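Student: What follows is input-v4.txt, compact mmCIF, C-alpha atoms.
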```
# COMPACT_ATOMS: atom_id res chain seq x y z
CA ASP A 17 0.00 0.00 0.00
CA PRO A 18 1.72 3.26 -1.13
CA ARG A 19 0.12 5.15 1.79
CA LYS A 20 2.12 3.05 4.24
CA ARG A 21 5.57 3.30 2.66
CA LEU A 22 6.78 6.38 4.54
CA TRP A 23 6.16 5.18 8.05
CA GLN A 24 7.16 1.60 7.23
CA THR A 25 10.49 3.01 6.08
CA LEU A 26 10.74 4.96 9.33
CA ALA A 27 10.10 1.72 11.25
CA LEU A 28 12.91 0.06 9.29
CA GLY A 29 15.20 2.92 10.30
CA GLN A 30 14.29 2.44 13.96
CA VAL A 31 15.15 -1.26 13.70
CA ALA A 32 18.45 -0.54 11.94
CA GLN A 33 19.48 1.95 14.64
CA THR A 34 18.85 -0.69 17.32
CA GLU A 35 20.75 -3.55 15.69
CA PHE A 36 21.80 -3.79 12.05
CA GLN A 37 21.31 -7.58 12.07
CA MET A 38 17.61 -7.11 12.89
CA ILE A 39 16.94 -5.68 9.42
CA ASP A 40 16.58 -9.13 7.81
CA ALA A 41 14.16 -10.18 10.56
CA PHE A 42 12.10 -7.02 10.01
CA LEU A 43 11.88 -7.61 6.26
CA GLU A 44 10.89 -11.23 6.89
CA GLY A 45 8.19 -10.08 9.27
CA MET A 46 6.93 -7.50 6.76
CA ALA A 47 6.52 -10.22 4.14
CA ALA A 48 4.78 -12.46 6.68
CA GLY A 49 2.17 -9.89 7.70
CA LEU A 50 3.62 -6.87 9.52
CA GLY A 51 2.85 -4.80 6.43
CA LEU A 52 -0.84 -5.15 7.26
CA LEU A 53 -0.54 -3.25 10.53
CA SER A 54 -1.50 0.38 10.97
CA ARG A 55 1.21 2.91 11.79
CA GLY A 56 0.61 3.06 15.53
CA THR A 57 0.21 -0.71 15.81
CA LEU A 58 3.43 -1.35 13.89
CA GLU A 59 5.28 1.07 16.16
CA ARG A 60 4.03 -0.80 19.23
CA PHE A 61 5.06 -4.11 17.68
CA ILE A 62 8.58 -2.80 16.95
CA ASP A 63 8.87 -1.54 20.53
CA ALA A 64 7.81 -4.96 21.85
CA ALA A 65 10.34 -6.71 19.59
CA ILE A 66 13.16 -4.39 20.67
CA ASN A 67 12.30 -4.95 24.35
CA ARG A 68 12.52 -8.70 23.81
CA TRP A 69 15.79 -8.32 21.90
CA GLN A 70 17.27 -6.29 24.74
CA ARG A 71 16.41 -9.10 27.17
CA GLN A 72 17.25 -12.00 24.86
CA ARG A 73 18.48 -11.38 21.35
CA ARG A 74 17.21 -14.61 19.81
CA SER A 75 13.73 -14.07 21.26
CA GLY A 76 13.59 -10.54 19.82
CA ILE A 77 14.68 -11.73 16.37
CA GLU A 78 12.11 -14.55 16.36
CA PHE A 79 9.37 -12.14 17.44
CA LEU A 80 10.26 -9.49 14.85
CA ALA A 81 10.34 -12.06 12.03
CA LEU A 82 6.92 -13.42 13.11
CA ARG A 83 8.42 -16.86 13.64
CA SER A 84 7.23 -17.23 17.23
CA ARG A 85 3.66 -18.23 18.10
CA GLU A 86 3.41 -15.26 20.47
CA ALA A 87 4.20 -12.84 17.61
CA ARG A 88 1.67 -14.44 15.28
CA GLU A 89 -1.03 -14.27 17.97
CA TRP A 90 -0.14 -10.61 18.57
CA LEU A 91 -0.51 -9.91 14.85
CA ALA A 92 -3.87 -11.68 14.62
CA LEU A 93 -5.16 -9.68 17.59
CA HIS A 94 -4.07 -6.26 16.30
CA GLN A 95 -4.34 -6.53 12.51
CA THR A 96 -6.88 -4.13 11.00
CA THR A 97 -5.97 -4.30 7.29
CA ALA A 98 -8.00 -6.74 5.21
CA THR A 99 -6.46 -8.42 2.18
CA LEU A 100 -8.00 -9.63 -1.04
CA ALA A 101 -6.61 -13.10 -0.39
CA GLN A 102 -8.62 -13.27 2.85
CA VAL A 103 -11.99 -12.44 1.29
CA ARG A 104 -11.62 -13.67 -2.29
CA PRO A 105 -13.02 -17.23 -1.85
CA ALA A 106 -16.18 -16.00 -0.12
CA LEU A 107 -16.66 -13.17 -2.64
CA LEU A 108 -16.33 -15.59 -5.55
CA ARG A 109 -19.04 -17.83 -4.08
CA TYR A 110 -21.29 -14.79 -3.65
CA LEU A 111 -20.74 -13.57 -7.22
CA GLN A 112 -21.45 -17.02 -8.67
CA ALA A 113 -24.61 -17.41 -6.59
CA ARG A 114 -25.91 -14.00 -7.61
CA THR A 115 -25.04 -14.08 -11.32
CA GLY A 116 -25.09 -17.83 -12.04
CA ARG A 117 -21.74 -17.40 -13.79
CA THR A 118 -18.17 -18.36 -12.99
CA LEU A 119 -16.34 -15.07 -12.53
CA ASN A 120 -12.93 -14.07 -11.31
CA ILE A 121 -11.53 -11.42 -8.98
CA TYR A 122 -8.15 -9.80 -9.52
CA ALA A 123 -6.13 -7.14 -7.73
CA LEU A 124 -6.33 -3.65 -9.23
CA GLY A 125 -2.71 -3.96 -10.26
CA ARG A 126 -3.78 -6.64 -12.76
CA LEU A 127 -5.74 -4.13 -14.81
CA PRO A 128 -4.55 -4.10 -18.44
CA ALA A 129 -1.93 -1.55 -19.47
CA GLY A 130 -3.52 1.86 -19.94
CA ALA A 131 -6.46 1.09 -17.65
CA GLY A 132 -4.85 2.87 -14.69
CA GLY A 133 -4.19 -0.09 -12.41
CA THR A 134 -1.30 1.67 -10.69
CA GLU A 135 -2.76 5.17 -10.84
CA ILE A 136 -6.37 5.01 -9.67
CA ALA A 137 -7.46 5.49 -6.07
CA VAL A 138 -6.65 2.73 -3.60
CA ASP A 139 -10.23 2.06 -2.45
CA THR A 140 -11.98 1.46 -5.73
CA VAL A 141 -13.42 -1.26 -7.91
CA ARG A 142 -13.46 -2.00 -11.63
CA CYS A 143 -15.35 -4.49 -13.77
CA ASP A 144 -14.65 -5.60 -17.35
CA GLY A 145 -17.90 -7.53 -17.75
CA THR A 146 -16.68 -10.89 -16.45
CA ASN A 147 -14.03 -10.01 -13.85
CA LEU A 148 -13.87 -7.72 -10.84
CA TYR A 149 -10.74 -5.80 -9.89
CA LEU A 150 -10.42 -4.96 -6.19
CA PRO A 151 -7.68 -3.46 -4.00
CA ASP A 152 -5.00 -5.90 -2.87
CA GLN A 153 -5.40 -4.46 0.64
CA ILE A 154 -7.95 -2.21 2.35
CA SER A 155 -7.11 -0.32 5.52
CA THR A 156 -9.61 2.55 5.36
CA ALA A 157 -11.64 1.49 8.40
CA ALA A 158 -10.28 1.34 11.94
CA THR A 159 -11.09 -2.37 12.35
CA LEU A 160 -10.51 -5.56 10.40
CA ALA A 161 -14.27 -6.19 10.29
CA GLY A 162 -14.84 -2.72 8.83
CA ASN A 163 -12.30 -3.28 6.07
CA VAL A 164 -13.69 -6.72 5.24
CA ALA A 165 -17.14 -5.09 5.05
CA LEU A 166 -15.79 -2.57 2.53
CA TYR A 167 -14.63 -5.40 0.26
CA TRP A 168 -18.15 -6.82 0.37
CA GLN A 169 -19.70 -3.44 -0.34
CA LEU A 170 -17.51 -2.92 -3.42
CA ALA A 171 -18.26 -6.42 -4.73
CA ARG A 172 -22.01 -6.09 -4.17
CA LEU A 173 -22.09 -2.76 -5.95
CA GLU A 174 -20.11 -3.81 -9.00
CA CYS A 175 -21.79 -7.21 -9.28
CA GLY A 176 -24.78 -5.40 -10.77
CA VAL A 177 -22.71 -4.48 -13.84
CA ILE A 178 -22.49 -8.19 -14.65
CA GLU A 179 -25.89 -9.30 -13.37
CA PHE A 180 -27.81 -6.61 -15.27
CA ASP A 181 -25.55 -6.73 -18.35
CA SER A 182 -24.18 -3.19 -18.55
CA PHE A 183 -21.70 -4.27 -21.23
CA GLY A 184 -24.39 -6.00 -23.26
CA PHE A 185 -25.11 -2.64 -24.93
CA ASP A 186 -26.22 -3.15 -28.53
CA LEU A 187 -26.45 -0.32 -31.05
CA LYS A 188 -28.98 -2.19 -33.17
CA LYS A 189 -31.24 -2.74 -30.14
CA LEU A 190 -30.90 0.95 -29.25
CA ARG A 191 -32.14 1.97 -32.68
CA ARG A 192 -34.97 -0.57 -32.64
CA ARG A 193 -36.19 0.29 -29.13
CA TYR A 194 -35.75 4.06 -29.38
CA PRO A 195 -36.41 4.83 -33.05
CA VAL A 196 -36.59 8.63 -32.73
CA PRO A 197 -33.71 9.85 -34.94
CA ARG A 198 -30.86 11.43 -33.00
CA ALA A 199 -27.49 12.49 -34.40
CA SER A 200 -25.62 10.24 -32.02
CA THR A 201 -27.49 7.08 -32.98
CA THR A 202 -27.54 7.39 -36.76
CA GLY A 203 -23.86 6.76 -37.46
CA PRO A 204 -22.44 3.59 -39.01
CA MET A 205 -22.74 0.22 -37.32
CA VAL A 206 -19.89 -1.07 -35.21
CA ALA A 207 -16.44 -0.73 -36.77
CA ALA A 208 -13.78 -3.40 -36.49
CA GLY A 209 -11.88 -3.31 -33.22
CA ARG A 210 -14.53 -1.38 -31.31
CA SER A 211 -17.39 -2.46 -29.09
CA ASP A 212 -20.94 -1.21 -29.59
CA LEU A 213 -20.59 0.97 -26.51
CA GLN A 214 -17.31 2.49 -27.70
CA GLN A 215 -18.83 3.16 -31.12
CA PHE A 216 -21.86 4.82 -29.55
CA LEU A 217 -19.89 7.04 -27.17
CA GLY A 218 -17.47 7.95 -29.95
CA GLN A 219 -20.27 9.56 -31.97
CA PHE A 220 -20.52 12.44 -29.48
CA PRO A 221 -18.31 15.55 -29.66
CA ASN A 222 -16.62 14.60 -26.37
CA PHE A 223 -16.17 10.87 -25.69
CA ASP A 224 -15.33 11.39 -22.01
CA LEU A 225 -18.42 13.48 -21.30
CA ALA A 226 -20.63 10.94 -23.06
CA ALA A 227 -18.96 8.16 -21.04
CA ASP A 228 -19.58 10.08 -17.80
CA LEU A 229 -23.25 10.49 -18.66
CA PHE A 230 -23.54 6.81 -19.51
CA THR A 231 -22.04 5.95 -16.11
CA ILE A 232 -24.49 8.28 -14.36
CA TYR A 233 -27.58 6.83 -16.00
CA GLU A 234 -26.36 3.25 -15.92
CA HIS A 235 -25.53 3.43 -12.20
CA GLY A 236 -29.00 4.83 -11.69
CA ARG A 237 -30.49 1.93 -13.67
CA LEU A 238 -28.45 -0.61 -11.68
CA ARG A 239 -29.56 0.97 -8.40
CA ARG A 240 -33.19 0.70 -9.49
CA LEU A 241 -32.92 -2.92 -10.66
CA THR A 242 -31.01 -3.99 -7.54
CA ALA A 243 -33.69 -2.47 -5.31
CA LEU A 244 -36.44 -4.24 -7.25
CA ARG A 245 -34.78 -7.66 -7.18
CA TYR A 246 -33.19 -7.41 -3.72
CA PRO A 247 -35.09 -4.80 -1.66
CA GLY A 248 -33.00 -5.34 1.48
CA LEU A 249 -29.70 -5.14 -0.36
CA GLY A 250 -30.89 -2.10 -2.26
CA ARG A 251 -31.69 -0.21 0.95
CA ARG A 252 -28.37 -1.20 2.52
CA LEU A 253 -26.33 -0.08 -0.48
CA ASP A 254 -28.24 3.21 -0.67
CA ARG A 255 -27.44 3.96 2.98
CA GLN A 256 -23.80 3.01 2.58
CA MET A 257 -23.26 5.04 -0.59
CA LYS A 258 -24.94 8.14 0.79
CA GLY A 259 -22.76 7.83 3.88
CA VAL A 260 -19.65 7.67 1.70
CA VAL A 261 -20.69 10.80 -0.20
CA GLU A 262 -21.36 12.73 3.02
CA GLN A 263 -17.87 11.90 4.30
CA GLN A 264 -16.04 12.83 1.11
CA PRO A 265 -14.67 16.37 0.75
CA ARG A 266 -16.21 18.24 -2.14
CA GLY A 267 -13.87 19.03 -5.00
CA ARG A 268 -14.07 20.70 -8.34
CA THR A 269 -15.50 17.74 -10.27
CA ALA A 270 -17.76 16.67 -7.38
CA ASP A 271 -19.38 20.11 -7.49
CA ASP A 272 -19.70 20.54 -11.24
CA PHE A 273 -22.94 19.61 -12.96
CA ARG A 274 -21.86 16.01 -13.53
CA GLY A 275 -21.35 15.49 -9.81
CA GLN A 276 -24.72 17.02 -9.01
CA LEU A 277 -26.41 14.83 -11.60
CA TYR A 278 -24.64 11.71 -10.33
CA ARG A 279 -25.78 12.32 -6.75
CA SER A 280 -29.36 12.93 -7.89
CA ILE A 281 -29.68 9.92 -10.21
CA ALA A 282 -27.07 7.31 -9.30
CA LEU A 283 -27.43 7.84 -5.54
CA ASP A 284 -31.10 8.87 -5.48
CA ALA A 285 -30.26 12.05 -3.60
CA GLY A 286 -33.35 13.74 -4.97
CA VAL A 287 -33.78 16.84 -7.10
CA CYS A 288 -32.22 20.22 -6.46
CA PRO A 289 -34.84 22.96 -6.06
CA ALA A 290 -32.29 25.55 -7.17
CA SER A 291 -31.70 23.88 -10.55
CA GLU A 292 -34.60 23.51 -12.94
CA THR A 293 -32.28 21.81 -15.43
CA LEU A 294 -31.36 19.17 -12.85
CA ASN A 295 -35.03 18.69 -12.00
CA HIS A 296 -35.81 18.27 -15.70
CA LEU A 297 -33.12 15.62 -16.20
CA CYS A 298 -34.30 13.73 -13.12
CA ARG A 299 -37.83 13.67 -14.47
CA ILE A 300 -36.58 12.35 -17.82
CA PHE A 301 -34.68 9.60 -16.01
CA GLU A 302 -37.67 8.66 -13.84
CA ALA A 303 -39.92 8.38 -16.88
CA GLN A 304 -37.36 6.17 -18.66
CA MET A 305 -37.15 3.85 -15.65
CA LEU A 306 -40.87 3.21 -15.14
CA GLU A 307 -40.42 -0.38 -16.26
CA ARG A 308 -37.29 -2.56 -16.07
CA PRO A 309 -35.34 -1.22 -19.03
CA ALA A 310 -32.28 -2.82 -20.58
CA VAL A 311 -28.93 -1.08 -20.81
CA GLU A 312 -29.88 0.63 -24.07
CA ALA A 313 -32.17 2.90 -22.02
CA SER A 314 -29.07 4.50 -20.52
CA GLY A 315 -27.69 5.08 -24.01
CA ASP A 316 -30.92 6.74 -25.10
CA LEU A 317 -30.73 9.05 -22.09
CA VAL A 318 -27.19 10.04 -23.06
CA ALA A 319 -28.37 10.89 -26.59
CA ARG A 320 -31.30 12.92 -25.27
CA THR A 321 -29.42 14.90 -22.64
CA TYR A 322 -25.82 15.29 -23.86
CA GLY A 323 -26.40 18.78 -25.26
CA ILE A 324 -28.18 19.94 -22.09
CA VAL A 325 -25.38 18.77 -19.80
CA ALA A 326 -22.64 20.15 -22.06
CA ALA A 327 -24.33 23.56 -21.98
CA GLU A 328 -24.62 23.47 -18.17
CA LEU A 329 -20.94 22.58 -17.78
CA MET A 330 -19.84 25.38 -20.09
CA ALA A 331 -22.04 27.79 -18.13
CA GLN A 332 -20.13 26.70 -15.02
CA GLY A 333 -16.86 27.50 -16.74
CA VAL A 334 -15.80 23.89 -17.33
CA ASP A 335 -13.45 23.46 -20.30
CA LEU A 336 -14.87 20.53 -22.27
CA GLU A 337 -11.65 20.23 -24.25
CA HIS A 338 -9.77 19.48 -21.00
CA LEU A 339 -12.51 17.77 -19.05
CA PRO A 340 -11.26 16.46 -15.69
CA PRO A 341 -12.36 12.93 -14.66
CA MET A 342 -15.76 12.78 -13.00
CA ALA A 343 -15.56 12.12 -9.25
CA THR A 344 -17.69 9.18 -8.09
CA PRO A 345 -17.71 7.17 -4.84
CA TYR A 346 -14.93 4.58 -5.02
CA ASN A 347 -14.02 5.91 -8.47
CA ARG A 348 -16.67 3.63 -10.01
CA ARG A 349 -17.50 3.91 -13.70
CA VAL A 350 -18.78 1.78 -16.56
CA ASP A 351 -15.50 1.57 -18.46
CA ALA A 352 -16.15 0.85 -22.12
CA ASN A 353 -12.45 0.90 -22.98
CA LEU A 354 -11.55 -1.63 -20.28
CA HIS A 355 -14.28 -4.00 -21.47
CA ALA A 356 -13.19 -3.72 -25.10
CA THR A 357 -9.53 -4.24 -24.22
CA VAL A 358 -10.11 -7.39 -22.16
CA HIS A 359 -12.66 -8.92 -24.53
CA HIS A 360 -11.24 -7.74 -27.86
CA ASP A 361 -11.00 -11.19 -29.45
CA ALA A 362 -14.49 -12.25 -28.34
CA LEU A 363 -16.01 -8.99 -29.59
CA GLU A 364 -14.31 -9.37 -32.96
CA LEU A 365 -15.50 -12.96 -33.33
CA ALA A 366 -19.08 -11.98 -32.46
CA ARG A 367 -18.98 -9.08 -34.93
CA LYS A 368 -17.83 -11.34 -37.77
CA VAL A 369 -20.43 -14.02 -36.94
CA THR A 370 -23.16 -11.38 -36.81
CA GLU A 371 -22.10 -10.06 -40.22
CA LEU A 372 -22.13 -13.58 -41.71
CA LEU A 373 -25.59 -14.28 -40.30
CA GLY A 374 -26.82 -10.97 -41.69
CA ARG A 375 -25.56 -11.82 -45.17
CA ALA A 376 -27.38 -15.15 -44.89
CA GLY A 377 -30.62 -13.31 -44.22
CA PHE A 378 -30.84 -13.69 -40.45
CA ASP A 379 -31.88 -10.61 -38.51
CA CYS A 380 -29.92 -10.98 -35.27
CA PHE A 381 -28.40 -8.78 -32.61
CA GLY A 382 -24.68 -8.71 -31.96
CA SER A 383 -25.19 -8.80 -28.20
CA ASP A 384 -27.22 -12.03 -28.50
CA VAL A 385 -24.46 -13.56 -30.62
CA ARG A 386 -21.85 -12.54 -28.04
CA HIS A 387 -23.83 -14.19 -25.25
CA SER A 388 -24.26 -17.35 -27.31
CA LEU A 389 -20.54 -17.57 -27.98
CA ALA A 390 -19.51 -16.85 -24.39
```
Can you present the structure in this file as structure tokens?

Tutor:
Amino acid sequence: DPRKRLWQTLALGQVAQTEFQMIDAFLEGMAAGLGLLSRGTLERFIDAAINRWQRQRRSGIEFLALRSREAREWLALHQTTATLAQVRPALLRYLQARTGRTLNIYALGRLPAGAGGTEIAVDTVRCDGTNLYLPDQISTAATLAGNVALYWQLARLECGVIEFDSFGFDLKKLRRRYPVPRASTTGPMVAAGRSDLQQFLGQFPNFDLAADLFTIYEHGRLRRLTALRYPGLGRRLDRQMKGVVEQQPRGRTADDFRGQLYRSIALDAGVCPASETLNHLCRIFEAQMLERPAVEASGDLVARTYGIVAAELMAQGVDLEHLPPMATPYNRRVDANLHATVHHDALELARKVTELLGRAGFDCFGSDVRHSLA
């Protein structure tokens, strides 16, 4: 965890000043689990190890390296950091039970090159449509139970992306279900090397803004569907997410119109009496969600509201040519580029099969072909 490096280095310095030969024992202990301790707890452990070393050198070395049973019991009693390895088996069982599919969970560092695995916030989650990416460690809460609970919260939230098929977006279905002509939906069908969602978002003047809007509406759709299928879980996630937002400091992107719209729609924070435009967009979203719409409903909302949101952002002084990333709780987003990168070969195969079926006279949807081939 990069946030721990400074004071872990200071702890190493304290050990080295006491006895140079204790450095190897410290590094062994760090690899065995000392790295999971909070700053104050690690300092107390080092003090205890040095006290033992001063009384009996071998005992201090064994304690510092976590070789002794007493040291391991001390660690188990005081550890607050949760690790992905600890929770992964239980999370995998949960994901399979909820989706009926065999999924996988990786550390954020396993994100493909260019997806920001080493740059994004520590406490976040990503999904590529079949895999979740979670932090290797979580130490945000003051207790081990609190950090384990955060792993579960992230997994439960992002599971909806898979369960309700956010990456099953199909341009042909969008045009069939929402036939009103719009500039952003009348471009060519999917080009080679791109997913339907990438092609759709790329038809707007600003890909990133269109992607932000898609995330806003899709997270709102997922919240609605989760609450309908799992009322108890829906209420719990709503409470947890609103609590996260209340604790987060407001920043530039959290306060721009995208942030306001995200809180109103994705978090069900309600409408803002001071903004008629925000009220209007919320009413459009509510009308779109009267039934249980598929993911294409979120795309239609992007097409209908892109111009309105772009105008609001420019009125706030936001430079659309240098649009900063949208701030969301846990840095969540429906990442079209990540999905297309991970599933490039499968998307290409489905596109070619769909084209062949079309030439043979079969009217089929690319998303249905992709699911059949999966």

Student: Go through A:Asp316, A:Asp361, A:Glu371, A:Asp152 one by one, measure the shortest atom-to-atom distance of each to Leu213 in chain A using all atoms listed in the file, and give the residue with the smallest value.

Tutor: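 Checking each of A:Asp316, A:Asp361, A:Glu371, A:Asp152 against Leu213 in chain A, counting all atoms listed in the file, the winner is A:Asp316.
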
Student: Which residue, A:Tyr246, A:Leu329, A:Lys258, A:Lys20, has the smallest gap to Phe273 in chain A when you use all atoms listed in the file?

Tutor: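 Of A:Tyr246, A:Leu329, A:Lys258, A:Lys20, the one nearest Phe273 in chain A, counting all atoms listed in the file, is A:Leu329.
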
Student: Closest to Ser280 in chain A among A:Thr99, A:Gln304, A:Thr370, A:Asn295, using all atoms listed in the file?

Tutor: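 Checking each candidate against Ser280 in chain A, we get A:Asn295 as the closest.
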
Student: At a cut-off of 9 Å from (-33.8, 0.6, -25.9) in the coordinates of the file, what residues are picked up using all atoms listed in the file, written as a PyMOL selection string?

Tutor: chain A and resi 186+189-195+309-316

Student: Pick from A:Leu389, A:Leu354, A:Leu93, A:Leu22: nearest to Tyr149 in chain A, with all atoms listed in the file counted?

Tutor: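 Residue with the minimum atom-to-atom distance to Tyr149 in chain A: A:Leu354.
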
Student: Pick from A:Val31, A:Leu82, A:Ala41, A:Leu339: nearest to Ile66 in chain A, with only C-alpha atoms counted?

Tutor: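 So, comparing all the options, the nearest one is A:Val31.
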
Student: Per residue of range 144-183 of chain A within 9 Å of range 117-130 of chain A, record the nearest atom pair and its distance in Å to one decimal, counting only C-alpha atoms, with rows in chain order and ascending residue number, as JSON lines.

Tutor:
```
{"residue": "A:Thr146", "atom": "CA", "partner": "A:Leu119", "partner_atom": "CA", "distance": 5.7}
{"residue": "A:Asn147", "atom": "CA", "partner": "A:Asn120", "partner_atom": "CA", "distance": 4.9}
{"residue": "A:Leu148", "atom": "CA", "partner": "A:Ile121", "partner_atom": "CA", "distance": 4.8}
{"residue": "A:Tyr149", "atom": "CA", "partner": "A:Tyr122", "partner_atom": "CA", "distance": 4.8}
{"residue": "A:Leu150", "atom": "CA", "partner": "A:Ala123", "partner_atom": "CA", "distance": 5.1}
{"residue": "A:Pro151", "atom": "CA", "partner": "A:Leu124", "partner_atom": "CA", "distance": 5.4}
{"residue": "A:Asp152", "atom": "CA", "partner": "A:Ala123", "partner_atom": "CA", "distance": 5.1}
{"residue": "A:Gln153", "atom": "CA", "partner": "A:Ala123", "partner_atom": "CA", "distance": 8.8}
```

Student: Residues as selected, C-alpha atoms, written as a PDB file, in the frame of the given file, can you do that?

Tutor:
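Everything below was put into out-v4.pdb:
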```
ATOM      1  CA  THR A 146     -16.680 -10.890 -16.450  1.00  0.00           C
ATOM      2  CA  ASN A 147     -14.030 -10.010 -13.850  1.00  0.00           C
ATOM      3  CA  LEU A 148     -13.870  -7.720 -10.840  1.00  0.00           C
ATOM      4  CA  TYR A 149     -10.740  -5.800  -9.890  1.00  0.00           C
ATOM      5  CA  LEU A 150     -10.420  -4.960  -6.190  1.00  0.00           C
ATOM      6  CA  PRO A 151      -7.680  -3.460  -4.000  1.00  0.00           C
ATOM      7  CA  ASP A 152      -5.000  -5.900  -2.870  1.00  0.00           C
ATOM      8  CA  GLN A 153      -5.400  -4.460   0.640  1.00  0.00           C
TER       9      GLN A 153
END
```

Student: If I take CA of Tyr346 in chain A and CA of Thr140 in chain A, how far is one from the other in Å, to one decimal?

Tutor: 4.4 Å

Student: So how far away is CA of Thr96 in chain A from CA of Ala81 in chain A, in Å?

Tutor: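 The value is 19.0 Å.
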
Student: Counting only C-alpha atoms, which residue out of A:Gly145, A:Gln256, A:Arg210, A:Phe183 sits closest to Gln169 in chain A?

Tutor: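 Among the listed residues, the smallest separation from Gln169 in chain A belongs to A:Gln256.
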
Student: For range 318-328 of chain A, please output as a ChimeraX atom specification all residues within 8 Å (counting all atoms listed in the file; exclusion window: fewer than 2 positions along the same chain).

Tutor: /A:198,200-201,225-226,229-230,233,273-274,297,314-316,330-332,336

Student: What is the distance, in Å and to one decimal place, between CA of Asp335 in chain A and CA of Asn222 in chain A?

Tutor: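 So the answer is 11.2 Å.
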
Student: What lies within 12 Å of range 67-76 of chain A using all atoms listed in the file, ignoring chain neighbours under 3 positions off, as a ChimeraX atom specification?

Tutor: /A:31,34-35,37-39,41-42,45,60-64,79-87

Student: List the neighbours of range 366-368 of chain A out to 12 Å using only C-alpha atoms; skip same-chain residues closer than 3 positions along the sequence, and give me the result as a VMD selection string.

Tutor: chain A and resid 186 205 to 212 359 to 363 371 to 375 380 to 390

Student: Mind rebuilding range 292-308 of chain A with N, CA and C atoms and writing that out as an mmCIF file, keeping the file's coordinate frame?

Tutor:
```
data_model
loop_
_atom_site.group_PDB
_atom_site.id
_atom_site.type_symbol
_atom_site.label_atom_id
_atom_site.label_comp_id
_atom_site.auth_asym_id
_atom_site.auth_seq_id
_atom_site.Cartn_x
_atom_site.Cartn_y
_atom_site.Cartn_z
ATOM 1 N N GLU A 292 -33.501 24.029 -12.130
ATOM 2 C CA GLU A 292 -34.600 23.510 -12.940
ATOM 3 C C GLU A 292 -34.080 22.512 -13.967
ATOM 4 N N THR A 293 -32.855 22.749 -14.473
ATOM 5 C CA THR A 293 -32.280 21.810 -15.430
ATOM 6 C C THR A 293 -32.079 20.447 -14.779
ATOM 7 N N LEU A 294 -31.561 20.433 -13.558
ATOM 8 C CA LEU A 294 -31.360 19.170 -12.850
ATOM 9 C C LEU A 294 -32.698 18.485 -12.597
ATOM 10 N N ASN A 295 -33.687 19.253 -12.193
ATOM 11 C CA ASN A 295 -35.030 18.690 -12.000
ATOM 12 C C ASN A 295 -35.546 18.062 -13.293
ATOM 13 N N HIS A 296 -35.334 18.751 -14.397
ATOM 14 C CA HIS A 296 -35.810 18.270 -15.700
ATOM 15 C C HIS A 296 -35.145 16.947 -16.067
ATOM 16 N N LEU A 297 -33.836 16.855 -15.872
ATOM 17 C CA LEU A 297 -33.120 15.620 -16.200
ATOM 18 C C LEU A 297 -33.552 14.476 -15.291
ATOM 19 N N CYS A 298 -33.820 14.776 -14.036
ATOM 20 C CA CYS A 298 -34.300 13.730 -13.120
ATOM 21 C C CYS A 298 -35.659 13.209 -13.547
ATOM 22 N N ARG A 299 -36.502 14.110 -14.021
ATOM 23 C CA ARG A 299 -37.830 13.670 -14.470
ATOM 24 C C ARG A 299 -37.721 12.801 -15.727
ATOM 25 N N ILE A 300 -36.804 13.163 -16.629
ATOM 26 C CA ILE A 300 -36.580 12.350 -17.820
ATOM 27 C C ILE A 300 -36.112 10.947 -17.420
ATOM 28 N N PHE A 301 -35.177 10.890 -16.480
ATOM 29 C CA PHE A 301 -34.680 9.600 -16.010
ATOM 30 C C PHE A 301 -35.792 8.776 -15.374
ATOM 31 N N GLU A 302 -36.592 9.387 -14.516
ATOM 32 C CA GLU A 302 -37.670 8.660 -13.840
ATOM 33 C C GLU A 302 -38.654 8.089 -14.852
ATOM 34 N N ALA A 303 -38.987 8.863 -15.866
ATOM 35 C CA ALA A 303 -39.920 8.380 -16.880
ATOM 36 C C ALA A 303 -39.325 7.208 -17.662
ATOM 37 N N GLN A 304 -38.025 7.250 -17.912
ATOM 38 C CA GLN A 304 -37.360 6.170 -18.660
ATOM 39 C C GLN A 304 -37.315 4.875 -17.848
ATOM 40 N N MET A 305 -37.332 5.006 -16.517
ATOM 41 C CA MET A 305 -37.150 3.850 -15.650
ATOM 42 C C MET A 305 -38.459 3.299 -15.085
ATOM 43 N N LEU A 306 -39.591 3.675 -15.669
ATOM 44 C CA LEU A 306 -40.870 3.210 -15.140
ATOM 45 C C LEU A 306 -40.989 1.702 -15.185
ATOM 46 N N GLU A 307 -40.420 1.083 -16.203
ATOM 47 C CA GLU A 307 -40.420 -0.380 -16.260
ATOM 48 C C GLU A 307 -39.023 -0.873 -15.892
ATOM 49 N N ARG A 308 -38.627 -2.037 -16.350
ATOM 50 C CA ARG A 308 -37.290 -2.560 -16.070
ATOM 51 C C ARG A 308 -36.477 -2.534 -17.350
#
```
